[in-house]
Number of protein chains: 2
Amino acid sequence: MKVKGEEYRTVWMAGSSVFLIEQNQLPFSFEIFEAKKYFDTCMAITSMVVRGAGAIGATAGYAMAQACLEAPEDDREDFLKNARFEIESTRPTAQNLFYAVERVYEAGKKSTEAAIEEARKIADEDAADSRSIGIYGNDLIGQGYRIGTHCNAGWLAFVDYGTALSPIYMAQKQGKDIFVYVDETRPRSQGARLTAWELHNKEVPHAIIPDNAAAWLMAQGKIDMYIVGADRIAANGDVANKIGTLEKAIAAHEYGIPFYVAAPTSTIDLDCKRGKDIKIEERSQDEVLYQTGIDKNGNLNKVLVCSPGSEAINPAFDVTPARFISGIITEKGIINAEEDLIREIKKQT
Amino acid sequence: MKVKGEEYRTVWMAGSSVFLIEQNQLPFSFEIFEAKKYFDTCMAITSMVVRGAGAIGATAGYAMAQACLEAPEDDREDFLKNARFEIESTRPTAQNLFYAVERVYEAGKKSTEAAIEEARKIADEDAADSRSIGIYGNDLIGQGYRIGTHCNAGWLAFVDYGTALSPIYMAQKQGKDIFVYVDETRPRSQGARLTAWELHNKEVPHAIIPDNAAAWLMAQGKIDMYIVGADRIAANGDVANKIGTLEKAIAAHEYGIPFYVAAPTSTIDLDCKRGKDIKIEERSQDEVLYQTGIDKNGNLNKVLVCSPGSEAINPAFDVTPARFISGIITEKGIINAEEDLIREIKKQT
């Protein structure tokens with residue numbers, strides 16, 4: 001996607017370095033982060049320089065490729081096993097991460113060049129898949145649709161295009177009159193910061209809403225459909241995604257509003273039979289207690305927004321049961337969230 | 001309630017001034033605001049120095065009493081009519097406000113002294129009603145209960161004790177082992193700031209949760225019941241309350257978790273037949289776009305937390321249909337959210 005007239009992906013490799021859009025600085029400033037070693041790339045994942053299922057996957061693939069470059073000849077196998085473990089430990093809920101690391105790890109058994117090539121391929125596939133999701137998802141968007149979305153499943157969350165936002169970009173490109181309600185997505189506010197930044201950058205009409213307002217807008221008939229991303233899809237169609245997705249899906253179900261999950265088939269984990277098998281990451285309570293923003297002097301400032309002395313609980317994801325999901329928009333087409341269809345489409349990939 | 005060893009109410013009148021706990025300064029500092037004229041008291045309501053159904057009602061009553069004190073003898077009737085209109089315009093969703101203003105306005109037709117006396121009576125009744133709600137509501141709380149609550153319907157929202165939190169204080173007093181999940185309640189974070197401050201002050205075990213996490217905790221069986229307040233209850237049992245209440249109620253209904261509304265019968269508006277007749281206040285988008293908190297130097301600092309250039313929508317309340325409400329805890333007892341029962345209990349008051 002274009003930023004300030006230049007074409008960018010969220011992550012790329014050049015030489016032995018991995019380059020990333022520094023998403024912790026967005027939406028207030030646009031900076032590029034350079035990770036020189038695989039361990040720096042791990043840190044970039046943990047500290048959320050990069051976030052979002054596809055972008056994490058591509059980044060983890062590049063990290064594994066970096067590890068191949070760094071591996072000492074006399075201890076290559078153990079070094080790579082250990083690196084793999086470290087990379088996999090950065091974000092345990094992200095299915096794409098495990099998928100990418102495994103592919104690059106296996107390629108690395110042949111050669112370092114093969115590992116780097118495999119990592120590049122993963123990134124290219126991610127961009128192509130996102131584009132296909134946009135084409136399929138666009139068919140669901142009618143003229144004049146007002147679309148709700150949660151968190152950021154835009155191009156910033158992938159290598160390019162995105163998942164939940166890709167159909168929206170496609171609809172805009174086709175001249176459809178659309179409006180997007182962007183859930184703020186506390187505690188990290190990826191909606192208010194990243195999705196809003198993306199939509200503003202692409203001039204898609206939108207408004208940020210407090211997470212609490214989604215059901216009320218649905219009750220009033222102001223939302224025609226919801227599209228969200230996924231961090232992991234279980235074999236039975238249960239979906240792990242950013243905390244709050246479940247709440248929106250339950251409300252959409254109550255009001256008969258179509259609720260779609262947009263994700264590449266790489267997000268499907270057939271080894272994970274049902275949602276409750278998915279391990280949910282608990283993150284630091286500071287993400288709830290503090291907020292970072294731009295103060296009146298234009299400086300980034302972190303402020304305590306909760307009552308001093310109280311603690312917070314911060315589950316990063318939740319699991320939405322398949323029965324609340326109208327369909328899954330993949331790069332291969334749109335399917336119902338049913339086990340046989342999920343197995344079938346996964347087989348094609 | 002005791003703060004730093006001294007007994008306080010949220011609002012009281014002394015001489016011709018109205019005194020209020022400055023709730024915009026909480027939880028970071030505890031200050032008293034003095035409103036010398038009725039117009040200052042109006043401003044205190046508008047700018048949310050005071051908030052919460054009961055406290056707004058009592059404050060509006062005192063404002064009307066102040067207007068009686070200020071009314072010029074030769075223009076008393078027009079002055080008071082105009083003052084009444086101004087006071088009623090401060091927060092159009094708050095039923096208690098209209099109720100209190102009317103009572104004091106009518107008393108003011110007799111004498112200014114009668115108006116002041118009536119305003120005092122409203123405040124005393126509010127405190128007594130809140131205490132009764134605590135006694136009734138406590139019967140619903142079992143040993144070891146984990147209770148969810150939204151926004152602040154504690155003593156800060158009333159003259160004393162509160163509504164949703166009053167049963168919790170009563171349960172604590174009786175030695176029950178309880179835990180409270182406090183919805184942050186964006187955009188103004190009254191949960192994270194005021195409810196957490198109250199519970200911390202009274203040493204009730206609790207944790208702040210992002211609004212997005214409520215349904216997920218319910219899905220995991222971690223919440224035994226929800227208790228929230230109400231800004232207005234329609235004759236058919238529909239409840240207007242802080243934005244997000246609807247979302248929690250829908251989720252609680254989905255998971256079979258009892259969802260109670262605690263409110264004095266003065267919150268019931270029989271003239272309002274159903275929820276959709278309730279006018280919902282839209283507040284400034286800046287409440288969503290900016291957050292105020294304490295920076296590392298201990299100063300209050302306002303920061304932009306959203307993507308610059310994007311707009312926000314900020315409905316302050318939503319309406320929860322009666323079918324999602326397990327019961328209404330009033331000062332006269334607990335009733336189902338059914339029209340005949342609501343009319344019956346309202347008749348008793």
# chains A, B, ... in the order shown; residues from 1 in each chain; ligands from 1
call {"tool": "closest_atom_pairs", "arguments": {"of": "chain B", "to": "chain A", "cutoff": "8 Å", "atoms": "only C-alpha atoms", "output": "JSON lines"}}
result
{"residue": "B:Leu26", "atom": "CA", "partner": "A:Ser307", "partner_atom": "CA", "distance": 8.0}
{"residue": "B:Pro27", "atom": "CA", "partner": "A:Ser307", "partner_atom": "CA", "distance": 5.2}
{"residue": "B:Phe28", "atom": "CA", "partner": "A:Ser307", "partner_atom": "CA", "distance": 7.0}
{"residue": "B:Thr185", "atom": "CA", "partner": "A:Asn212", "partner_atom": "CA", "distance": 7.4}
{"residue": "B:Arg186", "atom": "CA", "partner": "A:Pro210", "partner_atom": "CA", "distance": 6.2}
{"residue": "B:Pro187", "atom": "CA", "partner": "A:Pro210", "partner_atom": "CA", "distance": 6.1}
{"residue": "B:Ser189", "atom": "CA", "partner": "A:Cys306", "partner_atom": "CA", "distance": 7.7}
{"residue": "B:Ala192", "atom": "CA", "partner": "A:Cys306", "partner_atom": "CA", "distance": 4.9}
{"residue": "B:Arg193", "atom": "CA", "partner": "A:Ser307", "partner_atom": "CA", "distance": 4.7}
{"residue": "B:Leu194", "atom": "CA", "partner": "A:Ser307", "partner_atom": "CA", "distance": 7.1}
{"residue": "B:Ala196", "atom": "CA", "partner": "A:Ser307", "partner_atom": "CA", "distance": 5.9}
{"residue": "B:Trp197", "atom": "CA", "partner": "A:Ser307", "partner_atom": "CA", "distance": 5.4}
{"residue": "B:His200", "atom": "CA", "partner": "A:Ser310", "partner_atom": "CA", "distance": 6.5}
{"residue": "B:His206", "atom": "CA", "partner": "A:Glu311", "partner_atom": "CA", "distance": 7.5}
{"residue": "B:Ala207", "atom": "CA", "partner": "A:Ala312", "partner_atom": "CA", "distance": 4.9}
{"residue": "B:Ile208", "atom": "CA", "partner": "A:Ala312", "partner_atom": "CA", "distance": 4.4}
{"residue": "B:Ile209", "atom": "CA", "partner": "A:Ile313", "partner_atom": "CA", "distance": 5.4}
{"residue": "B:Pro210", "atom": "CA", "partner": "A:Pro187", "partner_atom": "CA", "distance": 6.1}
{"residue": "B:Asp211", "atom": "CA", "partner": "A:Asn212", "partner_atom": "CA", "distance": 6.7}
{"residue": "B:Asn212", "atom": "CA", "partner": "A:Gly244", "partner_atom": "CA", "distance": 3.9}
{"residue": "B:Ala213", "atom": "CA", "partner": "A:Gly244", "partner_atom": "CA", "distance": 5.9}
{"residue": "B:Ala214", "atom": "CA", "partner": "A:Glu247", "partner_atom": "CA", "distance": 7.8}
{"residue": "B:Ala215", "atom": "CA", "partner": "A:Glu247", "partner_atom": "CA", "distance": 5.4}
{"residue": "B:Trp216", "atom": "CA", "partner": "A:Asp318", "partner_atom": "CA", "distance": 5.9}
{"residue": "B:Ile243", "atom": "CA", "partner": "A:Asn212", "partner_atom": "CA", "distance": 5.7}
{"residue": "B:Gly244", "atom": "CA", "partner": "A:Asn212", "partner_atom": "CA", "distance": 3.9}
{"residue": "B:Thr245", "atom": "CA", "partner": "A:Asn212", "partner_atom": "CA", "distance": 7.7}
{"residue": "B:Leu246", "atom": "CA", "partner": "A:Ala215", "partner_atom": "CA", "distance": 6.7}
{"residue": "B:Glu247", "atom": "CA", "partner": "A:Ala215", "partner_atom": "CA", "distance": 5.5}
{"residue": "B:Lys248", "atom": "CA", "partner": "A:Glu247", "partner_atom": "CA", "distance": 7.9}
{"residue": "B:Ile250", "atom": "CA", "partner": "A:Ala251", "partner_atom": "CA", "distance": 6.5}
{"residue": "B:Ala251", "atom": "CA", "partner": "A:Ile250", "partner_atom": "CA", "distance": 6.5}
{"residue": "B:Glu254", "atom": "CA", "partner": "A:Ile250", "partner_atom": "CA", "distance": 7.7}
{"residue": "B:Val288", "atom": "CA", "partner": "A:Pro210", "partner_atom": "CA", "distance": 6.7}
{"residue": "B:Gln291", "atom": "CA", "partner": "A:Val305", "partner_atom": "CA", "distance": 7.4}
{"residue": "B:Thr292", "atom": "CA", "partner": "A:Val305", "partner_atom": "CA", "distance": 6.6}
{"residue": "B:Gly293", "atom": "CA", "partner": "A:Val305", "partner_atom": "CA", "distance": 4.6}
{"residue": "B:Ile294", "atom": "CA", "partner": "A:Val303", "partner_atom": "CA", "distance": 4.9}
{"residue": "B:Asp295", "atom": "CA", "partner": "A:Val303", "partner_atom": "CA", "distance": 4.4}
{"residue": "B:Lys296", "atom": "CA", "partner": "A:Val303", "partner_atom": "CA", "distance": 7.1}
{"residue": "B:Asn301", "atom": "CA", "partner": "A:Val303", "partner_atom": "CA", "distance": 7.1}
{"residue": "B:Lys302", "atom": "CA", "partner": "A:Asp295", "partner_atom": "CA", "distance": 6.1}
{"residue": "B:Val303", "atom": "CA", "partner": "A:Asp295", "partner_atom": "CA", "distance": 4.4}
{"residue": "B:Leu304", "atom": "CA", "partner": "A:Gly293", "partner_atom": "CA", "distance": 5.0}
{"residue": "B:Val305", "atom": "CA", "partner": "A:Gly293", "partner_atom": "CA", "distance": 4.6}
{"residue": "B:Cys306", "atom": "CA", "partner": "A:Ala192", "partner_atom": "CA", "distance": 4.9}
{"residue": "B:Ser307", "atom": "CA", "partner": "A:Arg193", "partner_atom": "CA", "distance": 4.7}
{"residue": "B:Pro308", "atom": "CA", "partner": "A:Pro27", "partner_atom": "CA", "distance": 7.2}
{"residue": "B:Gly309", "atom": "CA", "partner": "A:His200", "partner_atom": "CA", "distance": 7.1}
{"residue": "B:Ser310", "atom": "CA", "partner": "A:Ala196", "partner_atom": "CA", "distance": 6.3}
{"residue": "B:Glu311", "atom": "CA", "partner": "A:Ala207", "partner_atom": "CA", "distance": 5.2}
{"residue": "B:Ala312", "atom": "CA", "partner": "A:Ile208", "partner_atom": "CA", "distance": 4.4}
{"residue": "B:Ile313", "atom": "CA", "partner": "A:Ile209", "partner_atom": "CA", "distance": 5.4}
{"residue": "B:Asn314", "atom": "CA", "partner": "A:Ile209", "partner_atom": "CA", "distance": 6.6}
{"residue": "B:Pro315", "atom": "CA", "partner": "A:Ala213", "partner_atom": "CA", "distance": 7.1}
{"residue": "B:Asp318", "atom": "CA", "partner": "A:Trp216", "partner_atom": "CA", "distance": 5.9}
{"residue": "B:Val319", "atom": "CA", "partner": "A:Trp216", "partner_atom": "CA", "distance": 7.5}
call {"tool": "residues_around", "arguments": {"residues": "B:Met1", "least_positions_apart": "5", "cutoff": "9 Å", "atoms": "only C-alpha atoms", "output": "list of chain:residue names"}}
result
B:Glu6, B:Glu7, B:Tyr8, B:Arg9, B:Trp155, B:Asp160, B:Tyr161
call {"tool": "closest_residue", "arguments": {"among": "A:Thr349, A:Ser284, A:Gln95, A:Thr330", "to": "A:Ser166", "atoms": "only C-alpha atoms"}}
result
A:Thr330
call {"tool": "residues_around", "arguments": {"residues": "A:Ala58", "least_positions_apart": "6", "cutoff": "7 Å", "atoms": "only C-alpha atoms", "output": "list in words"}}
result
Ala100, Ala119, Ile122 and Ala123 of chain A
call {"tool": "closest_residue", "arguments": {"among": "A:Ile133, A:Ala115, A:Val159, A:Ile87", "to": "A:Phe19", "atoms": "only C-alpha atoms"}}
result
A:Val159
call {"tool": "closest_residue", "arguments": {"among": "A:Ile178, A:Ala157, A:Leu69, A:Ala240", "to": "A:Ile268", "atoms": "only C-alpha atoms"}}
result
A:Ala240
call {"tool": "residues_around", "arguments": {"residues": "A:Gly162", "least_positions_apart": "4", "cutoff": "8 Å", "atoms": "only C-alpha atoms", "output": "ChimeraX atom specification"}}
result
/A:127,130-131,153-158,166
call {"tool": "residues_around", "arguments": {"residues": "stretch 336-341 of chain B", "least_positions_apart": "6", "cutoff": "8 Å", "atoms": "only C-alpha atoms", "output": "PyMOL selection string"}}
result
chain B and resi 235-238+322-323+325-328
call {"tool": "residues_around", "arguments": {"residues": "B:Pro264", "least_positions_apart": "6", "cutoff": "10 Å", "atoms": "only C-alpha atoms", "output": "number ranges by chain"}}
result
B: 53-54, 96, 125-126, 128-130, 132-133, 162-163, 229-230, 233, 328-333, 346, 349
call {"tool": "atom_distance", "arguments": {"atom1": "atom CA of A:Ser111", "atom2": "atom CA of A:Thr59"}}
result
19.2 Å
call {"tool": "select_by_dssp", "arguments": {"residues": "stretch 107-195 of chain B", "states": "strand (DSSP E or B)", "output": "list of chain:residue names"}}
result
B:Arg146, B:Ile147, B:Gly148, B:Thr149, B:Phe179, B:Val180, B:Tyr181, B:Val182, B:Asp183
call {"tool": "select_by_dssp", "arguments": {"residues": "stretch 201-273 of chain B", "states": "helix (DSSP H, G or I)", "output": "ChimeraX atom specification"}}
result
/B:201,211-219,245-254,265-267
call {"tool": "atom_distance", "arguments": {"atom1": "atom CA of A:Phe259", "atom2": "atom CA of A:Pro167"}}
result
13.8 Å
call {"tool": "atom_distance", "arguments": {"atom1": "atom CA of A:Val261", "atom2": "atom CA of A:Gln23"}}
result
23.0 Å
